[in-house]
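Peer 1: I have a structure I would like to understand better, so I am pasting it below and will then ask my questions one at a time.
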Amino acid sequence: MGSSEFPDAQPWHQVYVNAFWIDRTAVTNEQYERFVKANRYVTVAERTPTKEQFPTAPPENLVAGSVVFHPPDHAVPLDNRFRWWSYVKGANWRHPTGPGSDLKGKARHPVVQVAFEDAVAFCKWEGKRLPTEAEFEFAARGGLDRKAYAWGDEFQPAGKFMANTFQGHFPERNTGEDGLTATAPVGSFPPNGYGLLDMAGNVWEWVSDWYRPDYYRTLAETGGVARNPKGPSDSLDPSEPGTKKRVQKGGSFLCTDQYCKRYMPGGRGKGEPDTGTDHLGFRCVKTADAR
């Protein structure tokens with residue numbers, strides 16, 4: 001488990017996970033709609049935040065909404081993600097990019113704009129849970145060992161796109177060479193060796209672990225094989241001390257080797273649990289019955 005590409009995914013270390021079942025695809029809009037209707041569930045993005053919850057937030061952001069990608073109209077330095085991300089009033093799973101958007105024709109697209117607790121609630125309703133980071137990476141590799149991608153060592157074998165990612169110049173110009181500039185219906189690209197779809201690209205996916213950049217080093221220093229690791233007991237992101245974050249895996253349609261190459265199985269994303277975006281979803285797992 002791990003990657004030589006990213007400092008927070010080093011060093012390589014051996015991991016053992018017990019048998020588990022995992023959803024073949026990310027949870028779709030039609031699946032999430034059934035859950036919402038059955039439980040009258042209101043997602044985090046549909047609730048009005050309070051000053052007590054977000055003491056440093058500007059008053060204009062204390063409205064129900066979520067975070068949306070807005071490409072600038074010109075090339076910009078890549079040192080500040082707020083150049084292309086903004087909080088949009090009315091953005092939620094029903095309206096992924098804001099009030100003017102909807103889910104028409106997107107029943108089989110992955111649900112997005114779900115916060116961590118929204119994903120946990122759905123999995124619990126189905127008698128499942130979110131995967132650990134180790135389970136997700138094991139599944140994403142599809143039986144391959146230490147390969148760069150979920151399908152092997154070449155990003156485009158024989159010139160073929162294997163995942164929904166970003167082409168062009170990030171963040172202002174997505175040329176859509178893979179035929180896509182946003183989410184795709186689940187299963188639009190070939191499965192990996194385990195028959196799983198979209199374990200790379202399309203949308204980032206929540207996993208259950210807290211994020212720390214030094215966690216892999218901590219595991220490796222214990223020696224031997226880490227058995228069923230469930231992540232650290234607390235969270236630390238040196239770039240935003242004091243802000244707790246959960247791990248996200250898989251990369252998304254916005255990932256590119258110019259800025260974010262984390263569609264690789266060993267890549268690690270991170271995000272605040274109470275925040276969704278229009279490129280973040282999830283899938284569920286279930287522990288296999290003991291035999």
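Just so we're on the same page: first chain in the structure tokens is A, next is B, and so on; residues restart at 1 for each chain, and ligands are numbered from 1 in the order they show up.
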Neighbouring residues of Asp209 (chain A) were defined as those with any atom within 12 Å, considering only C-alpha atoms; residues of the same chain fewer than 3 positions away were excluded. Please report them as a count of residues only.

Peer 2: 33

Peer 1: Could you check which of A:Ser4, A:Gln31, A:Asn39, A:Thr222 is closest to Phe282 (chain A), using only C-alpha atoms?

Peer 2: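 Checking each of A:Ser4, A:Gln31, A:Asn39, A:Thr222 against Phe282 (chain A), counting only C-alpha atoms, the winner is A:Gln31.
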
Peer 1: Would you list, as an MDAnalysis selection string, the residues of region 132-187 of chain A that end up in strand (DSSP E) under DSSP run on this structure's backbone?

Peer 2: chainID A and resid 168:169 173:174

Peer 1: List the spatial neighbours of Tyr259 (chain A) as a compact mmCIF listing (two decimals) with C-alpha atoms, in the first residue's frame - criterion: any atom at most 9 Å away, only C-alpha atoms, same-chain residues fewer than 5 positions off excluded.

Peer 2:
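Saved result, around_26.txt, follows:
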```
# COMPACT_ATOMS: atom_id res chain seq x y z
CA LEU A 78 -1.91 26.85 -8.76
CA PHE A 170 -5.85 23.18 -15.44
CA PRO A 171 -7.94 24.86 -14.18
```

Peer 1: Counting only C-alpha atoms, which residues in region 55-96 of chain A sit no more than 12 Å from region 179-191 of chain A? For each one, give the nearest pair of atoms and the distance in Å, sorted by chain then residue number, as a Markdown table.

Peer 2:
```
| residue | atom | partner | partner_atom | distance |
| --- | --- | --- | --- | --- |
| A:Val68 | CA | A:Ala182 | CA | 11.8 |
| A:Phe69 | CA | A:Ala182 | CA | 10.1 |
| A:His70 | CA | A:Ala182 | CA | 11.7 |
| A:Pro71 | CA | A:Thr181 | CA | 11.3 |
| A:Pro96 | CA | A:Thr183 | CA | 10.5 |
```

Peer 1: Taking N, CA and C atoms for each residue, export the selection above as a PDB file, in the first residue's frame.

Peer 2:
```pdb
ATOM      1  N   VAL A  68     -18.485  24.563  -5.159  1.00  0.00           N
ATOM      2  CA  VAL A  68     -18.618  24.269  -6.583  1.00  0.00           C
ATOM      3  C   VAL A  68     -17.356  24.727  -7.326  1.00  0.00           C
ATOM      4  N   PHE A  69     -16.956  23.923  -8.307  1.00  0.00           N
ATOM      5  CA  PHE A  69     -15.825  24.266  -9.158  1.00  0.00           C
ATOM      6  C   PHE A  69     -16.249  25.278 -10.215  1.00  0.00           C
ATOM      7  N   HIS A  70     -15.503  26.388 -10.292  1.00  0.00           N
ATOM      8  CA  HIS A  70     -15.738  27.410 -11.315  1.00  0.00           C
ATOM      9  C   HIS A  70     -14.409  27.696 -11.995  1.00  0.00           C
ATOM     10  N   PRO A  71     -14.213  27.226 -13.220  1.00  0.00           N
ATOM     11  CA  PRO A  71     -12.937  27.489 -13.885  1.00  0.00           C
ATOM     12  C   PRO A  71     -12.757  28.973 -14.151  1.00  0.00           C
ATOM     13  N   PRO A  96     -26.326  20.166  -8.189  1.00  0.00           N
ATOM     14  CA  PRO A  96     -24.893  20.004  -7.924  1.00  0.00           C
ATOM     15  C   PRO A  96     -24.022  21.235  -8.135  1.00  0.00           C
TER      16      PRO A  96
END
```

Peer 1: Between A:Ala75, A:Ala9, A:Val44, A:Leu196, which has the minimum distance to Arg283 (chain A) (counting only C-alpha atoms)?

Peer 2: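 Distance minimum relative to Arg283 (chain A) lands on A:Leu196.
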
Peer 1: Using DSSP assignments from the backbone, pull out every residue in region 44-248 of chain A that falls under alpha helix (DSSP H) and give it to me as a PyMOL selection string.

Peer 2: chain A and resi 116-125+133-141+215-221

Peer 1: Counting only C-alpha atoms, which of A:Gly266, A:Gly251, A:Gly224, A:Pro238 gets nearest to Tyr16 (chain A)?

Peer 2: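 Checking each of A:Gly266, A:Gly251, A:Gly224, A:Pro238 against Tyr16 (chain A), counting only C-alpha atoms, the winner is A:Gly224.
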
Peer 1: Using only C-alpha atoms, which residues sit within 12 Å of Lys104 (chain A) once same-chain residues fewer than 4 positions away are excluded, as an MDAnalysis selection string?

Peer 2: chainID A and resid 29:30 94:96 100 108:109

Peer 1: Considering only C-alpha atoms, return as a PDB file with N, CA and C atoms, in the first residue's frame whatever protein or nucleic-acid residues lie within 6 Å of Gly281 (chain A), sequence-local ones (same chain, fewer than 5 positions apart) excluded.

Peer 2:
```pdb
ATOM      1  N   VAL A 111     -23.891  10.384  -7.143  1.00  0.00           N
ATOM      2  CA  VAL A 111     -24.373  11.492  -6.327  1.00  0.00           C
ATOM      3  C   VAL A 111     -23.162  12.267  -5.828  1.00  0.00           C
ATOM      4  N   VAL A 112     -23.284  13.584  -5.809  1.00  0.00           N
ATOM      5  CA  VAL A 112     -22.215  14.457  -5.308  1.00  0.00           C
ATOM      6  C   VAL A 112     -22.825  15.451  -4.319  1.00  0.00           C
ATOM      7  N   VAL A 203     -15.446  10.704  -9.632  1.00  0.00           N
ATOM      8  CA  VAL A 203     -15.595  11.480  -8.404  1.00  0.00           C
ATOM      9  C   VAL A 203     -14.684  10.921  -7.313  1.00  0.00           C
ATOM     10  N   TRP A 204     -14.187  11.822  -6.491  1.00  0.00           N
ATOM     11  CA  TRP A 204     -13.529  11.403  -5.254  1.00  0.00           C
ATOM     12  C   TRP A 204     -14.537  10.635  -4.409  1.00  0.00           C
ATOM     13  N   GLU A 205     -14.052   9.785  -3.525  1.00  0.00           N
ATOM     14  CA  GLU A 205     -14.958   9.007  -2.675  1.00  0.00           C
ATOM     15  C   GLU A 205     -14.506   9.062  -1.218  1.00  0.00           C
TER      16      GLU A 205
END
```

Peer 1: Give me the residues within 10 Å of Gly143 (chain A) as a PyMOL selection string, counting only C-alpha atoms and dropping any in the same chain fewer than 4 places off.

Peer 2: chain A and resi 138-139+147+150-151+192-194

Peer 1: Go ahead and write the selection's residues with N, CA and C atoms as a PDB file, in the first residue's frame.

Peer 2:
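Dumped to result-v5.pdb:
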```
ATOM      1  N   PHE A 138      -6.985  -1.501  -1.613  1.00  0.00           N
ATOM      2  CA  PHE A 138      -6.918  -2.916  -1.999  1.00  0.00           C
ATOM      3  C   PHE A 138      -7.866  -3.186  -3.166  1.00  0.00           C
ATOM      4  N   ALA A 139      -9.099  -2.687  -3.046  1.00  0.00           N
ATOM      5  CA  ALA A 139     -10.100  -2.891  -4.101  1.00  0.00           C
ATOM      6  C   ALA A 139      -9.710  -2.178  -5.388  1.00  0.00           C
ATOM      7  N   LYS A 147       1.385  -1.217  -9.001  1.00  0.00           N
ATOM      8  CA  LYS A 147       1.253  -0.594 -10.321  1.00  0.00           C
ATOM      9  C   LYS A 147       0.836   0.867 -10.153  1.00  0.00           C
ATOM     10  N   ALA A 150      -4.886   1.764 -11.624  1.00  0.00           N
ATOM     11  CA  ALA A 150      -5.757   0.624 -11.306  1.00  0.00           C
ATOM     12  C   ALA A 150      -5.763  -0.413 -12.425  1.00  0.00           C
ATOM     13  N   TRP A 151      -5.243  -0.049 -13.592  1.00  0.00           N
ATOM     14  CA  TRP A 151      -5.244  -0.954 -14.749  1.00  0.00           C
ATOM     15  C   TRP A 151      -3.829  -1.323 -15.197  1.00  0.00           C
ATOM     16  N   ASN A 192     -11.841  -2.668 -13.347  1.00  0.00           N
ATOM     17  CA  ASN A 192     -10.503  -3.132 -12.992  1.00  0.00           C
ATOM     18  C   ASN A 192     -10.515  -4.660 -12.844  1.00  0.00           C
ATOM     19  N   GLY A 193      -9.443  -5.208 -12.341  1.00  0.00           N
ATOM     20  CA  GLY A 193      -9.315  -6.664 -12.268  1.00  0.00           C
ATOM     21  C   GLY A 193     -10.313  -7.348 -11.357  1.00  0.00           C
ATOM     22  N   TYR A 194     -10.940  -6.608 -10.470  1.00  0.00           N
ATOM     23  CA  TYR A 194     -11.973  -7.179  -9.593  1.00  0.00           C
ATOM     24  C   TYR A 194     -13.374  -6.900 -10.124  1.00  0.00           C
TER      25      TYR A 194
END
```

Peer 1: Please provide as a PyMOL selection string all residues within 12 Å of region 54-58 of chain A, with the sequence filter that same-chain residues fewer than 4 positions apart are discarded (counting only C-alpha atoms).

Peer 2: chain A and resi 48-50+62-63+87+243+274-275

Peer 1: Would you write out those residues with N, CA and C atoms, as a PDB file, in the first residue's frame?

Peer 2:
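And here is the file that came out, out-v4.pdb:
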```
ATOM      1  N   THR A  48     -29.220  25.099   6.935  1.00  0.00           N
ATOM      2  CA  THR A  48     -28.610  26.419   7.108  1.00  0.00           C
ATOM      3  C   THR A  48     -27.553  26.356   8.199  1.00  0.00           C
ATOM      4  N   PRO A  49     -26.303  26.654   7.898  1.00  0.00           N
ATOM      5  CA  PRO A  49     -25.250  26.619   8.913  1.00  0.00           C
ATOM      6  C   PRO A  49     -25.388  27.777   9.893  1.00  0.00           C
ATOM      7  N   THR A  50     -24.820  27.609  11.075  1.00  0.00           N
ATOM      8  CA  THR A  50     -24.905  28.632  12.118  1.00  0.00           C
ATOM      9  C   THR A  50     -23.524  29.208  12.421  1.00  0.00           C
ATOM     10  N   LEU A  62     -23.187  31.912   5.525  1.00  0.00           N
ATOM     11  CA  LEU A  62     -24.069  31.225   6.470  1.00  0.00           C
ATOM     12  C   LEU A  62     -25.443  31.019   5.845  1.00  0.00           C
ATOM     13  N   VAL A  63     -25.448  30.395   4.710  1.00  0.00           N
ATOM     14  CA  VAL A  63     -26.664  30.031   3.993  1.00  0.00           C
ATOM     15  C   VAL A  63     -26.493  28.602   3.512  1.00  0.00           C
ATOM     16  N   TYR A  87     -18.073  28.849  -2.618  1.00  0.00           N
ATOM     17  CA  TYR A  87     -19.274  28.407  -1.914  1.00  0.00           C
ATOM     18  C   TYR A  87     -20.488  28.989  -2.626  1.00  0.00           C
ATOM     19  N   THR A 243      -8.052  22.091  11.576  1.00  0.00           N
ATOM     20  CA  THR A 243      -9.200  21.692  10.770  1.00  0.00           C
ATOM     21  C   THR A 243      -9.147  20.181  10.550  1.00  0.00           C
ATOM     22  N   ASP A 274     -17.729  18.049   7.030  1.00  0.00           N
ATOM     23  CA  ASP A 274     -19.017  18.736   6.894  1.00  0.00           C
ATOM     24  C   ASP A 274     -19.160  19.462   5.567  1.00  0.00           C
ATOM     25  N   THR A 275     -18.288  19.151   4.607  1.00  0.00           N
ATOM     26  CA  THR A 275     -18.316  19.846   3.326  1.00  0.00           C
ATOM     27  C   THR A 275     -18.352  18.868   2.157  1.00  0.00           C
TER      28      THR A 275
END
```
